[in-house]
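Here is work.txt, consisting of compact mmCIF, C-alpha atoms and all ligand atoms:
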```txt
# COMPACT_ATOMS: atom_id res chain seq x y z
CA MET H 51 -2.96 3.49 -24.66
CA LEU H 52 0.41 3.65 -22.86
CA CYS H 53 0.83 5.39 -19.52
CA ILE H 54 3.76 6.22 -17.24
CA GLY H 55 2.82 6.23 -13.55
CA LEU H 56 4.98 8.07 -11.03
CA GLU H 57 4.77 7.08 -7.36
CA GLY H 58 6.42 9.10 -4.60
CA THR H 59 4.20 9.40 -1.52
CA ALA H 60 6.75 8.15 1.02
CA HIS H 61 9.85 5.86 0.97
CA THR H 62 9.52 4.59 -2.57
CA LEU H 63 10.11 6.33 -5.86
CA GLY H 64 8.37 4.20 -8.45
CA VAL H 65 8.09 4.41 -12.22
CA GLY H 66 5.59 2.10 -13.87
CA VAL H 67 4.71 1.61 -17.51
CA ILE H 68 1.36 -0.03 -18.27
CA ASP H 69 -1.20 0.01 -21.07
CA SER H 70 -4.98 0.22 -21.02
CA ASP H 71 -5.28 -3.56 -21.49
CA GLY H 72 -3.46 -4.00 -18.16
CA LYS H 73 -0.20 -5.17 -19.71
CA ILE H 74 2.71 -4.23 -17.43
CA TYR H 75 5.88 -3.19 -19.29
CA ALA H 76 8.04 -2.00 -16.38
CA ASN H 77 7.91 -1.68 -12.60
CA ILE H 78 11.05 0.19 -11.50
CA ARG H 79 11.45 1.10 -7.84
CA SER H 80 14.03 2.80 -5.68
CA GLU H 81 13.61 2.93 -1.93
CA TYR H 82 14.92 5.58 0.44
CA VAL H 83 16.24 3.87 3.57
CA PRO H 84 16.81 6.19 6.54
CA LYS H 85 20.27 5.97 8.08
CA SER H 86 18.66 5.78 11.50
CA GLY H 87 15.16 6.18 12.95
CA GLY H 88 12.03 6.72 10.89
CA ILE H 89 11.49 8.38 7.53
CA HIS H 90 12.70 11.97 7.19
CA PRO H 91 10.40 13.64 4.60
CA ARG H 92 13.02 16.05 3.24
CA GLU H 93 15.67 13.34 2.87
CA ALA H 94 13.17 11.01 1.18
CA ALA H 95 12.18 13.80 -1.23
CA GLN H 96 15.84 14.44 -2.01
CA HIS H 97 16.32 10.74 -2.75
CA HIS H 98 13.36 10.78 -5.15
CA GLY H 99 14.71 13.86 -6.93
CA VAL H 100 18.17 12.35 -7.34
CA VAL H 101 17.05 9.00 -8.77
CA LEU H 102 13.96 10.03 -10.78
CA ALA H 103 15.56 10.75 -14.17
CA THR H 104 17.60 7.53 -14.12
CA LYS H 105 14.60 5.43 -13.06
CA LEU H 106 12.47 6.94 -15.84
CA GLN H 107 15.15 6.01 -18.36
CA GLU H 108 15.39 2.51 -16.89
CA ALA H 109 11.61 2.06 -17.13
CA LEU H 110 11.59 3.04 -20.82
CA GLU H 111 14.56 0.78 -21.59
CA LYS H 112 12.89 -2.14 -19.79
CA SER H 113 9.72 -1.49 -21.83
CA SER H 114 11.64 -1.11 -25.13
CA LEU H 115 9.81 2.19 -25.58
CA THR H 116 10.73 5.86 -25.98
CA PHE H 117 9.02 8.96 -24.62
CA LYS H 118 7.30 9.34 -28.01
CA ASP H 119 5.26 6.18 -27.33
CA ILE H 120 3.84 7.48 -24.03
CA GLU H 121 0.32 8.87 -24.26
CA LEU H 122 -0.54 9.66 -20.63
CA ILE H 123 1.24 10.73 -17.42
CA ALA H 124 -0.20 9.80 -14.01
CA PHE H 125 1.22 10.78 -10.62
CA SER H 126 0.35 10.01 -7.02
CA ARG H 127 -1.38 13.17 -5.84
CA GLY H 128 -1.90 12.07 -2.21
CA PRO H 129 -2.18 11.09 0.56
CA GLY H 130 1.48 11.26 1.50
CA LEU H 131 4.39 13.39 2.61
CA GLY H 132 4.31 16.88 1.08
CA PRO H 133 8.00 17.18 0.10
CA CYS H 134 7.96 13.72 -1.55
CA LEU H 135 4.68 14.29 -3.39
CA ARG H 136 5.99 17.59 -4.73
CA VAL H 137 8.98 15.95 -6.45
CA THR H 138 6.93 13.44 -8.47
CA ALA H 139 4.14 15.96 -9.16
CA THR H 140 6.66 18.45 -10.57
CA ALA H 141 8.26 15.78 -12.75
CA ALA H 142 4.82 14.66 -13.98
CA ARG H 143 3.81 18.21 -14.92
CA ALA H 144 7.09 18.76 -16.75
CA LEU H 145 6.67 15.52 -18.70
CA ALA H 146 3.05 16.29 -19.59
CA LEU H 147 4.06 19.72 -20.93
CA LEU H 148 7.16 18.49 -22.73
CA LEU H 149 5.45 15.52 -24.40
CA ASP H 150 2.16 17.42 -24.84
CA ILE H 151 0.08 14.62 -23.33
CA PRO H 152 -2.65 14.61 -20.62
CA LEU H 153 -1.93 14.57 -16.88
CA VAL H 154 -3.92 12.60 -14.29
CA GLY H 155 -3.66 12.86 -10.47
CA VAL H 156 -4.21 9.54 -8.67
CA ASN H 157 -5.26 8.70 -5.12
CA HIS H 158 -2.52 6.42 -3.75
CA CYS H 159 -4.88 4.26 -1.67
CA VAL H 160 -7.34 3.71 -4.53
CA ALA H 161 -4.35 2.81 -6.73
CA HIS H 162 -3.28 0.00 -4.36
CA ILE H 163 -6.80 -1.43 -4.58
CA GLU H 164 -7.33 -1.01 -8.32
CA LEU H 165 -4.03 -2.73 -9.19
CA GLY H 166 -5.01 -5.48 -6.74
CA ARG H 167 -8.28 -5.94 -8.64
CA LEU H 168 -6.40 -6.08 -11.94
CA VAL H 169 -3.89 -8.74 -10.90
CA THR H 170 -6.37 -10.95 -8.99
CA GLY H 171 -9.24 -10.49 -11.43
CA PHE H 172 -11.54 -9.78 -8.46
CA LYS H 173 -14.61 -7.75 -9.40
CA ASP H 174 -15.91 -6.47 -6.07
CA PRO H 175 -13.68 -7.43 -3.15
CA LEU H 176 -13.61 -6.51 0.50
CA VAL H 177 -10.16 -4.92 0.69
CA VAL H 178 -7.61 -5.24 3.48
CA TYR H 179 -4.95 -2.62 2.79
CA VAL H 180 -2.06 -2.81 5.26
CA SER H 181 1.22 -0.97 4.87
CA GLY H 182 3.67 1.24 6.75
CA GLY H 183 1.25 4.15 6.69
CA ASN H 184 -2.21 2.59 6.34
CA THR H 185 -4.43 -0.05 7.93
CA ILE H 186 -7.82 0.02 6.23
CA VAL H 187 -10.66 -2.45 5.71
CA SER H 188 -12.73 -1.10 2.85
CA ALA H 189 -15.26 -1.94 0.15
CA TYR H 190 -16.75 -0.11 -2.80
CA GLU H 191 -20.30 1.18 -2.34
CA ALA H 192 -22.15 3.83 -4.37
CA GLY H 193 -19.25 5.55 -6.11
CA LYS H 194 -16.60 5.43 -3.40
CA TYR H 195 -14.37 3.10 -1.44
CA ARG H 196 -15.98 3.22 2.01
CA VAL H 197 -13.89 2.64 5.10
CA PHE H 198 -15.36 -0.04 7.37
CA GLY H 199 -12.52 -0.20 9.84
CA GLU H 200 -9.12 1.42 10.27
CA THR H 201 -6.41 2.06 12.79
CA LEU H 202 -7.06 4.74 15.37
CA ASP H 203 -3.36 5.40 15.84
CA ILE H 204 -0.37 3.83 14.06
CA ALA H 205 -0.50 1.53 11.04
CA LEU H 206 0.22 -2.20 11.35
CA GLY H 207 3.42 -1.98 9.26
CA ASN H 208 4.65 1.00 11.26
CA MET H 209 3.99 -0.90 14.50
CA LEU H 210 6.03 -3.88 13.25
CA ASP H 211 8.85 -1.61 11.98
CA THR H 212 9.01 0.37 15.24
CA PHE H 213 9.11 -2.77 17.36
CA ALA H 214 11.82 -4.24 15.12
CA ARG H 215 13.88 -1.07 15.47
CA ALA H 216 13.61 -1.30 19.28
CA ALA H 217 14.85 -4.90 18.98
CA GLY H 218 17.86 -3.75 16.94
CA MET H 219 16.60 -4.87 13.51
CA PRO H 220 17.01 -2.45 10.60
CA HIS H 221 14.14 -1.11 8.46
CA PRO H 222 11.92 -2.66 7.17
CA GLY H 223 11.21 -4.77 10.24
CA GLY H 224 8.09 -6.61 9.02
CA PRO H 225 9.91 -9.33 7.03
CA LYS H 226 12.48 -9.84 9.82
CA ILE H 227 9.74 -10.30 12.42
CA GLU H 228 8.02 -12.81 10.13
CA LYS H 229 11.23 -14.84 9.85
CA LEU H 230 11.79 -14.93 13.62
CA ALA H 231 8.12 -15.74 14.27
CA LYS H 232 8.33 -18.85 12.07
CA ASN H 233 9.65 -20.98 14.90
CA ASP H 234 7.56 -24.09 15.48
CA SER H 235 8.42 -24.22 19.17
CA ALA H 236 7.66 -20.52 19.83
CA GLU H 237 5.71 -19.88 23.02
CA PHE H 238 2.84 -17.42 23.16
CA ILE H 239 3.34 -14.35 25.34
CA SER H 240 0.16 -12.53 26.29
CA LEU H 241 -0.07 -9.01 24.83
CA PRO H 242 -2.92 -6.43 24.76
CA TYR H 243 -5.59 -7.05 22.12
CA SER H 244 -7.31 -3.82 21.14
CA VAL H 245 -10.30 -3.79 18.78
CA LYS H 246 -12.71 -0.89 19.29
CA GLY H 247 -15.91 -1.48 17.35
CA MET H 248 -14.65 -1.82 13.80
CA ASP H 249 -11.42 0.06 14.47
CA LEU H 250 -8.01 -1.05 15.65
CA SER H 251 -5.39 0.37 17.98
CA PHE H 252 -1.77 -0.78 17.81
CA SER H 253 0.06 1.76 19.95
CA GLY H 254 -0.66 0.05 23.30
CA LEU H 255 0.37 -3.28 21.81
CA LEU H 256 3.63 -1.73 20.60
CA THR H 257 4.43 -0.24 24.02
CA ALA H 258 3.66 -3.55 25.75
CA ALA H 259 5.82 -5.49 23.28
CA VAL H 260 8.77 -3.11 23.71
CA ASN H 261 8.42 -3.30 27.51
CA THR H 262 8.29 -7.11 27.37
CA LEU H 263 11.43 -7.08 25.21
CA LYS H 264 13.28 -5.25 27.98
CA LYS H 265 12.40 -8.09 30.38
CA GLY H 266 14.70 -10.38 28.39
CA VAL H 267 12.21 -12.84 26.86
CA GLN H 268 13.07 -14.86 23.75
CA LEU H 269 12.81 -12.57 20.70
CA GLU H 270 11.31 -15.39 18.61
CA ASP H 271 8.48 -15.84 21.15
CA LEU H 272 7.78 -12.13 21.18
CA CYS H 273 7.79 -11.80 17.38
CA PHE H 274 5.45 -14.80 17.13
CA SER H 275 3.08 -13.34 19.73
CA LEU H 276 3.14 -9.84 18.24
CA GLN H 277 2.11 -11.27 14.86
CA GLU H 278 -0.58 -13.53 16.35
CA VAL H 279 -2.21 -10.72 18.35
CA SER H 280 -2.04 -7.94 15.75
CA PHE H 281 -3.08 -10.19 12.85
CA ALA H 282 -5.96 -11.68 14.89
CA MET H 283 -7.20 -8.13 15.59
CA LEU H 284 -7.17 -7.32 11.87
CA THR H 285 -8.79 -10.65 11.02
CA GLU H 286 -11.62 -10.04 13.49
CA VAL H 287 -12.48 -6.68 11.92
CA THR H 288 -12.19 -8.13 8.41
CA GLU H 289 -14.50 -11.01 9.28
CA ARG H 290 -17.11 -8.66 10.67
CA ALA H 291 -16.95 -6.46 7.56
CA LEU H 292 -17.23 -9.57 5.40
CA ALA H 293 -20.28 -10.85 7.29
CA HIS H 294 -21.91 -7.42 6.92
CA THR H 295 -21.08 -6.72 3.25
CA GLU H 296 -21.26 -10.33 2.01
CA LYS H 297 -18.62 -9.50 -0.61
CA PRO H 298 -17.61 -12.48 -2.78
CA GLU H 299 -13.87 -11.84 -2.50
CA VAL H 300 -11.24 -10.67 0.01
CA LEU H 301 -8.24 -8.82 -1.39
CA LEU H 302 -5.10 -8.30 0.70
CA THR H 303 -2.71 -5.57 -0.43
CA GLY H 304 -0.07 -3.08 0.82
CA GLY H 305 3.46 -3.99 1.95
CA VAL H 306 2.29 -6.17 4.89
CA ALA H 307 0.35 -8.38 2.41
CA ALA H 308 3.64 -10.24 1.88
CA ASN H 309 3.24 -11.87 5.30
CA LYS H 310 2.34 -15.57 4.98
CA ARG H 311 0.79 -15.86 8.45
CA LEU H 312 -1.51 -12.90 7.81
CA GLN H 313 -2.47 -14.43 4.47
CA GLU H 314 -3.25 -17.72 6.19
CA MET H 315 -5.53 -16.12 8.83
CA LEU H 316 -7.46 -14.09 6.27
CA GLN H 317 -7.78 -17.06 3.96
CA ILE H 318 -9.42 -19.10 6.72
CA ILE H 319 -12.14 -16.53 7.46
CA SER H 320 -12.68 -15.85 3.74
CA HIS H 321 -13.38 -19.51 3.09
CA GLU H 322 -15.66 -19.72 6.12
CA HIS H 323 -17.75 -16.98 4.46
CA ASP H 324 -17.58 -18.59 1.00
CA ALA H 325 -15.42 -15.76 -0.32
CA LEU H 326 -12.37 -16.12 -2.55
CA PHE H 327 -9.10 -14.88 -1.06
CA GLY H 328 -6.21 -13.26 -2.93
CA ALA H 329 -3.03 -11.52 -1.82
CA VAL H 330 -1.18 -9.21 -4.20
CA SER H 331 2.43 -10.27 -4.84
CA PRO H 332 5.06 -8.16 -3.01
CA ASP H 333 6.40 -6.38 -6.12
CA LEU H 334 2.93 -5.01 -6.83
CA ALA H 335 1.52 -4.83 -3.25
CA GLY H 336 4.12 -2.37 -1.95
CA ASP H 337 4.32 1.16 -3.31
CA ASN H 338 4.94 1.18 -7.06
CA GLY H 339 4.38 3.26 -10.19
CA VAL H 340 2.37 0.59 -12.03
CA MET H 341 -0.63 1.05 -9.71
CA ILE H 342 -0.53 4.80 -10.37
CA GLY H 343 -0.35 4.25 -14.13
CA TRP H 344 -3.21 1.74 -14.12
CA THR H 345 -5.53 3.92 -12.01
CA GLY H 346 -4.52 6.93 -14.12
CA LEU H 347 -5.71 5.08 -17.22
CA ILE H 348 -9.07 4.28 -15.58
CA GLN H 349 -9.49 7.94 -14.59
CA PHE H 350 -8.45 9.16 -18.04
CA ILE H 351 -11.12 6.99 -19.69
CA GLN H 352 -13.67 8.67 -17.38
CA GLY H 353 -12.42 12.11 -18.47
CA ASP H 354 -10.75 12.87 -15.13
CA ILE H 355 -7.84 14.93 -16.50
CA LEU H 356 -5.96 17.71 -14.67
CA ASP H 357 -5.04 21.17 -15.89
CA ILE H 358 -1.45 21.96 -14.92
CA GLU H 359 -2.73 25.05 -13.04
CA SER H 360 -4.97 22.98 -10.77
CA SER H 361 -2.73 19.93 -10.31
CA GLN H 362 -1.58 20.77 -6.77
CA ILE H 363 -0.74 17.87 -4.48
CA LEU H 364 -3.26 16.69 -1.85
CA PRO H 365 -1.22 15.36 1.13
CA LYS H 366 -4.34 14.50 3.18
CA TRP H 367 -6.46 13.00 0.40
CA GLY H 368 -8.28 10.16 2.16
CA LEU H 369 -9.49 6.98 0.45
CA SER H 370 -13.20 7.70 0.82
CA ALA H 371 -12.83 11.38 -0.19
CA PHE H 372 -12.35 10.30 -3.80
CA GLU H 373 -15.44 9.78 -5.96
CA PHE H 374 -14.54 7.27 -8.58
CA THR H 375 -16.48 5.15 -11.03
CA ARG H 376 -15.01 1.68 -11.31
CA THR H 377 -14.72 -0.09 -14.62
P1 LIG H 401 1.78 3.41 2.26
O1 LIG H 401 2.25 4.74 1.74
O2 LIG H 401 0.72 2.82 1.38
O3 LIG H 401 1.42 3.41 3.67
P2 LIG H 401 4.42 2.26 2.63
O4 LIG H 401 5.23 3.48 2.34
O5 LIG H 401 4.37 1.83 4.01
O6 LIG H 401 2.99 2.40 1.99
P3 LIG H 401 4.64 -0.40 1.50
O7 LIG H 401 5.73 -0.90 0.59
O8 LIG H 401 3.24 -0.52 1.02
O9 LIG H 401 5.07 1.09 1.78
O10 LIG H 401 4.72 -1.15 2.91
C1 LIG H 401 5.89 -1.27 3.67
C2 LIG H 401 5.54 -2.00 4.95
O11 LIG H 401 5.32 -3.39 4.70
C3 LIG H 401 6.64 -1.90 6.00
O12 LIG H 401 6.05 -1.55 7.24
C4 LIG H 401 7.19 -3.34 6.05
O13 LIG H 401 7.72 -3.71 7.29
C5 LIG H 401 5.94 -4.14 5.73
N1 LIG H 401 6.25 -5.50 5.27
C6 LIG H 401 6.93 -5.87 4.16
N2 LIG H 401 7.06 -7.23 4.13
C7 LIG H 401 6.45 -7.72 5.24
C8 LIG H 401 6.25 -9.02 5.80
N3 LIG H 401 6.72 -10.10 5.19
N4 LIG H 401 5.59 -9.12 6.97
C9 LIG H 401 5.11 -8.03 7.60
N5 LIG H 401 5.27 -6.78 7.13
C10 LIG H 401 5.93 -6.62 5.98
FE FE2 H 402 1.33 2.58 -0.31
```
Represent the structure from my file as structure tokens, please.
Amino acid sequence: MLCIGLEGTAHTLGVGVIDSDGKIYANIRSEYVPKSGGIHPREAAQHHGVVLATKLQEALEKSSLTFKDIELIAFSRGPGLGPCLRVTATAARALALLLDIPLVGVNHCVAHIELGRLVTGFKDPLVVYVSGGNTIVSAYEAGKYRVFGETLDIALGNMLDTFARAAGMPHPGGPKIEKLAKNDSAEFISLPYSVKGMDLSFSGLLTAAVNTLKKGVQLEDLCFSLQEVSFAMLTEVTERALAHTEKPEVLLTGGVAANKRLQEMLQIISHEHDALFGAVSPDLAGDNGVMIGWTGLIQFIQGDILDIESSQILPKWGLSAFEFTRT
């Protein structure tokens, strides 16, 4: 069965084409980059609306398919920014009606995890999902992805991006910080380390890093230290969740999964607990339509299909609010 997945929760408009055997035909993405400052929901939504038709066409061409071949439409139903979600949801409904095929609404966070399971082959991982909007340590128990630890304020990717912006680096800041931090002679600058039980807090760390920047320290040293402290915090929580759940695998996904130093730290603790470690590759770890298509197919097989009338978006749809039987 062939499915088109539409992603549009935040910056990225994604169109993915995938079949029920997990074969990926196309992963087309277009990112809205704010002219200055953070994401503006209305501008991002406008971007998605402008590029959507072209990206759909591109995805079909890349797949050597036509609309007639598509048997299912899946869209990211939440969580995300209302104006952005509305654009992709409206397009998905129109396609479902026009092509007379079923419509499935997908939880964006579950989709990151399920695609991660597909590409790593992991059956039952402890999941570390870190992006611009989310920082979650989770595992599947009794019909849901349970949250073991999460950020109490801003997400790890957002913290890195905001610091980078203060240091004059354009969005996205994460990869630029990683590059600067890769200096063998970098010196460690002490910064606040904030783990509260199983949860994390990055806002104090961000403020301290921005204040330290103003003191005129070496940017490389500060980038190195910011990564060491924030990644160690995340690694501590992950290790505790791993010791508690005794999961056989650790899966790293979300945009920040691209970071080699974070991968290295999580790999070390995974191996210490006899767990396999896998990071999803950047083209499939960041927001994309393939993950929506793949999770849509799993939901369809379970009979989780939406009527157009009750297919409203769910901007605050949390990870553990979604009951879902894994295959
Ligand atoms: P979500 O809606 O799931 O929160 P998102 O809109 O933030 O996702 P993603 O593509 O999943 O989108 O993640 C983008 C984030 O990943 C940005 O904060 C970016 O700085 C960060 N990132 C990308 N590459 C790296 C890297 N090499 N090191 C650190 N952070 C990175
Ligand atoms: Fe995402």
May I have the centre and edge lengths, in Å to one decimal, of an axis-aligned box around the listed atoms of ligand LIG 401 (chain H) with 6 Å added to every side, as JSON?
```
{"center_x": 4.2, "center_y": -2.7, "center_z": 4.1, "size_x": 19.0, "size_y": 26.8, "size_z": 19.0}
```
One-decimal distance in Å that lies between atom O3 of ligand LIG 401 (chain H) and atom CA of H:Ile318: 25.2 Å
Test item: residues no farther than 6 Å from ligand FE2 402 (chain H), counting only C-alpha atoms and all ligand atoms, as a PyMOL selection string: chain H and resi 304+336-337
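The two atoms in question, atom CA of H:His221 and atom CA of H:Leu272, are spaced 18.0 Å apart.
Among the candidates H:Val287, H:Ala94, H:Ala329, H:Met209, the residue lying nearest to H:Ala307 is H:Ala329 (atoms considered: all atoms listed in the file).
Between atom CA of H:Ala216 and atom CA of H:Glu270 there is a distance of 14.3 Å.
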Who sits within 6 Å of H:Phe327, all atoms listed in the file, same chain under 3 positions skipped, as an MDAnalysis selection string: chainID H and resid 299:300 317
Could I get the residues of chain H with an atom no further than 9 Å from an atom of ligand LIG 401 (chain H), each paired with its nearest atom pair and that distance in Å to one decimal, using only C-alpha atoms and all ligand atoms, sorted by chain and residue number, as JSON lines?
```
{"residue": "H:Gly58", "atom": "CA", "partner": "H:LIG401", "partner_atom": "O1", "distance": 8.8}
{"residue": "H:Thr59", "atom": "CA", "partner": "H:LIG401", "partner_atom": "O1", "distance": 6.0}
{"residue": "H:Ala60", "atom": "CA", "partner": "H:LIG401", "partner_atom": "O4", "distance": 5.1}
{"residue": "H:His61", "atom": "CA", "partner": "H:LIG401", "partner_atom": "O4", "distance": 5.4}
{"residue": "H:Thr62", "atom": "CA", "partner": "H:LIG401", "partner_atom": "O4", "distance": 6.6}
{"residue": "H:Pro129", "atom": "CA", "partner": "H:LIG401", "partner_atom": "O1", "distance": 7.8}
{"residue": "H:Gly130", "atom": "CA", "partner": "H:LIG401", "partner_atom": "O1", "distance": 6.6}
{"residue": "H:Leu131", "atom": "CA", "partner": "H:LIG401", "partner_atom": "O1", "distance": 9.0}
{"residue": "H:His158", "atom": "CA", "partner": "H:LIG401", "partner_atom": "O2", "distance": 7.1}
{"residue": "H:Cys159", "atom": "CA", "partner": "H:LIG401", "partner_atom": "O2", "distance": 6.5}
{"residue": "H:His162", "atom": "CA", "partner": "H:LIG401", "partner_atom": "O2", "distance": 7.5}
{"residue": "H:Tyr179", "atom": "CA", "partner": "H:LIG401", "partner_atom": "O2", "distance": 8.0}
{"residue": "H:Val180", "atom": "CA", "partner": "H:LIG401", "partner_atom": "O8", "distance": 7.2}
{"residue": "H:Ser181", "atom": "CA", "partner": "H:LIG401", "partner_atom": "O10", "distance": 4.0}
{"residue": "H:Gly182", "atom": "CA", "partner": "H:LIG401", "partner_atom": "O5", "distance": 2.9}
{"residue": "H:Gly183", "atom": "CA", "partner": "H:LIG401", "partner_atom": "O3", "distance": 3.1}
{"residue": "H:Asn184", "atom": "CA", "partner": "H:LIG401", "partner_atom": "O3", "distance": 4.6}
{"residue": "H:Thr185", "atom": "CA", "partner": "H:LIG401", "partner_atom": "O3", "distance": 8.0}
{"residue": "H:Ala205", "atom": "CA", "partner": "H:LIG401", "partner_atom": "O3", "distance": 7.8}
{"residue": "H:Leu206", "atom": "CA", "partner": "H:LIG401", "partner_atom": "O12", "distance": 7.2}
{"residue": "H:Gly207", "atom": "CA", "partner": "H:LIG401", "partner_atom": "O12", "distance": 3.3}
{"residue": "H:Asn208", "atom": "CA", "partner": "H:LIG401", "partner_atom": "O12", "distance": 5.0}
{"residue": "H:Met209", "atom": "CA", "partner": "H:LIG401", "partner_atom": "O12", "distance": 7.6}
{"residue": "H:Leu210", "atom": "CA", "partner": "H:LIG401", "partner_atom": "O13", "distance": 6.2}
{"residue": "H:Asp211", "atom": "CA", "partner": "H:LIG401", "partner_atom": "O13", "distance": 5.3}
{"residue": "H:Thr212", "atom": "CA", "partner": "H:LIG401", "partner_atom": "O12", "distance": 8.7}
{"residue": "H:Ala214", "atom": "CA", "partner": "H:LIG401", "partner_atom": "O13", "distance": 8.9}
{"residue": "H:His221", "atom": "CA", "partner": "H:LIG401", "partner_atom": "O13", "distance": 7.0}
{"residue": "H:Pro222", "atom": "CA", "partner": "H:LIG401", "partner_atom": "O13", "distance": 4.3}
{"residue": "H:Gly223", "atom": "CA", "partner": "H:LIG401", "partner_atom": "O13", "distance": 4.7}
{"residue": "H:Gly224", "atom": "CA", "partner": "H:LIG401", "partner_atom": "O13", "distance": 3.4}
{"residue": "H:Pro225", "atom": "CA", "partner": "H:LIG401", "partner_atom": "N3", "distance": 3.8}
{"residue": "H:Lys226", "atom": "CA", "partner": "H:LIG401", "partner_atom": "N3", "distance": 7.4}
{"residue": "H:Ile227", "atom": "CA", "partner": "H:LIG401", "partner_atom": "N4", "distance": 7.0}
{"residue": "H:Glu228", "atom": "CA", "partner": "H:LIG401", "partner_atom": "N4", "distance": 5.4}
{"residue": "H:Lys229", "atom": "CA", "partner": "H:LIG401", "partner_atom": "N3", "distance": 8.0}
{"residue": "H:Gln277", "atom": "CA", "partner": "H:LIG401", "partner_atom": "C9", "distance": 8.5}
{"residue": "H:Thr303", "atom": "CA", "partner": "H:LIG401", "partner_atom": "O8", "distance": 7.9}
{"residue": "H:Gly304", "atom": "CA", "partner": "H:LIG401", "partner_atom": "O8", "distance": 4.2}
{"residue": "H:Gly305", "atom": "CA", "partner": "H:LIG401", "partner_atom": "O10", "distance": 3.3}
{"residue": "H:Val306", "atom": "CA", "partner": "H:LIG401", "partner_atom": "N5", "distance": 3.8}
{"residue": "H:Ala307", "atom": "CA", "partner": "H:LIG401", "partner_atom": "C7", "distance": 6.8}
{"residue": "H:Ala308", "atom": "CA", "partner": "H:LIG401", "partner_atom": "N3", "distance": 4.5}
{"residue": "H:Asn309", "atom": "CA", "partner": "H:LIG401", "partner_atom": "N3", "distance": 3.9}
{"residue": "H:Lys310", "atom": "CA", "partner": "H:LIG401", "partner_atom": "N3", "distance": 7.0}
{"residue": "H:Arg311", "atom": "CA", "partner": "H:LIG401", "partner_atom": "N4", "distance": 8.4}
{"residue": "H:Leu312", "atom": "CA", "partner": "H:LIG401", "partner_atom": "N4", "distance": 8.1}
{"residue": "H:Pro332", "atom": "CA", "partner": "H:LIG401", "partner_atom": "N2", "distance": 7.5}
{"residue": "H:Asp333", "atom": "CA", "partner": "H:LIG401", "partner_atom": "O7", "distance": 8.7}
{"residue": "H:Leu334", "atom": "CA", "partner": "H:LIG401", "partner_atom": "O7", "distance": 8.9}
{"residue": "H:Ala335", "atom": "CA", "partner": "H:LIG401", "partner_atom": "O8", "distance": 6.3}
{"residue": "H:Gly336", "atom": "CA", "partner": "H:LIG401", "partner_atom": "O7", "distance": 3.3}
{"residue": "H:Asp337", "atom": "CA", "partner": "H:LIG401", "partner_atom": "O7", "distance": 4.6}
{"residue": "H:Asn338", "atom": "CA", "partner": "H:LIG401", "partner_atom": "O7", "distance": 8.0}
```
How would the residues just chosen look if you wrote them out with C-alpha atoms as a CSV table (one decimal), keeping the file's coordinate frame?
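The result, stored in selection30.csv:
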```csv
chain,number,residue,atom,x,y,z
H,58,GLY,CA,6.4,9.1,-4.6
H,59,THR,CA,4.2,9.4,-1.5
H,60,ALA,CA,6.8,8.2,1.0
H,61,HIS,CA,9.8,5.9,1.0
H,62,THR,CA,9.5,4.6,-2.6
H,129,PRO,CA,-2.2,11.1,0.6
H,130,GLY,CA,1.5,11.3,1.5
H,131,LEU,CA,4.4,13.4,2.6
H,158,HIS,CA,-2.5,6.4,-3.8
H,159,CYS,CA,-4.9,4.3,-1.7
H,162,HIS,CA,-3.3,0.0,-4.4
H,179,TYR,CA,-5.0,-2.6,2.8
H,180,VAL,CA,-2.1,-2.8,5.3
H,181,SER,CA,1.2,-1.0,4.9
H,182,GLY,CA,3.7,1.2,6.8
H,183,GLY,CA,1.2,4.2,6.7
H,184,ASN,CA,-2.2,2.6,6.3
H,185,THR,CA,-4.4,0.0,7.9
H,205,ALA,CA,-0.5,1.5,11.0
H,206,LEU,CA,0.2,-2.2,11.4
H,207,GLY,CA,3.4,-2.0,9.3
H,208,ASN,CA,4.6,1.0,11.3
H,209,MET,CA,4.0,-0.9,14.5
H,210,LEU,CA,6.0,-3.9,13.2
H,211,ASP,CA,8.8,-1.6,12.0
H,212,THR,CA,9.0,0.4,15.2
H,214,ALA,CA,11.8,-4.2,15.1
H,221,HIS,CA,14.1,-1.1,8.5
H,222,PRO,CA,11.9,-2.7,7.2
H,223,GLY,CA,11.2,-4.8,10.2
H,224,GLY,CA,8.1,-6.6,9.0
H,225,PRO,CA,9.9,-9.3,7.0
H,226,LYS,CA,12.5,-9.8,9.8
H,227,ILE,CA,9.7,-10.3,12.4
H,228,GLU,CA,8.0,-12.8,10.1
H,229,LYS,CA,11.2,-14.8,9.8
H,277,GLN,CA,2.1,-11.3,14.9
H,303,THR,CA,-2.7,-5.6,-0.4
H,304,GLY,CA,-0.1,-3.1,0.8
H,305,GLY,CA,3.5,-4.0,2.0
H,306,VAL,CA,2.3,-6.2,4.9
H,307,ALA,CA,0.4,-8.4,2.4
H,308,ALA,CA,3.6,-10.2,1.9
H,309,ASN,CA,3.2,-11.9,5.3
H,310,LYS,CA,2.3,-15.6,5.0
H,311,ARG,CA,0.8,-15.9,8.4
H,312,LEU,CA,-1.5,-12.9,7.8
H,332,PRO,CA,5.1,-8.2,-3.0
H,333,ASP,CA,6.4,-6.4,-6.1
H,334,LEU,CA,2.9,-5.0,-6.8
H,335,ALA,CA,1.5,-4.8,-3.2
H,336,GLY,CA,4.1,-2.4,-2.0
H,337,ASP,CA,4.3,1.2,-3.3
H,338,ASN,CA,4.9,1.2,-7.1
```
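Taking all atoms listed in the file into account, H:Pro298 lies nearest to H:Leu176 out of the set H:Val245, H:Ala217, H:Leu176, H:Ala192.
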Tell me, counting only C-alpha atoms, for each residue of stretch 249-356 of chain H within 12 Å of stretch 140-146 of chain H, which pair of atoms is nearest and how far apart they are in Å to one decimal, in rows ordered by chain and increasing number, as JSON lines.
```
{"residue": "H:Ile342", "atom": "CA", "partner": "H:Ala142", "partner_atom": "CA", "distance": 11.8}
{"residue": "H:Gly343", "atom": "CA", "partner": "H:Ala142", "partner_atom": "CA", "distance": 11.6}
{"residue": "H:Ile355", "atom": "CA", "partner": "H:Ala146", "partner_atom": "CA", "distance": 11.4}
{"residue": "H:Leu356", "atom": "CA", "partner": "H:Arg143", "partner_atom": "CA", "distance": 9.8}
```
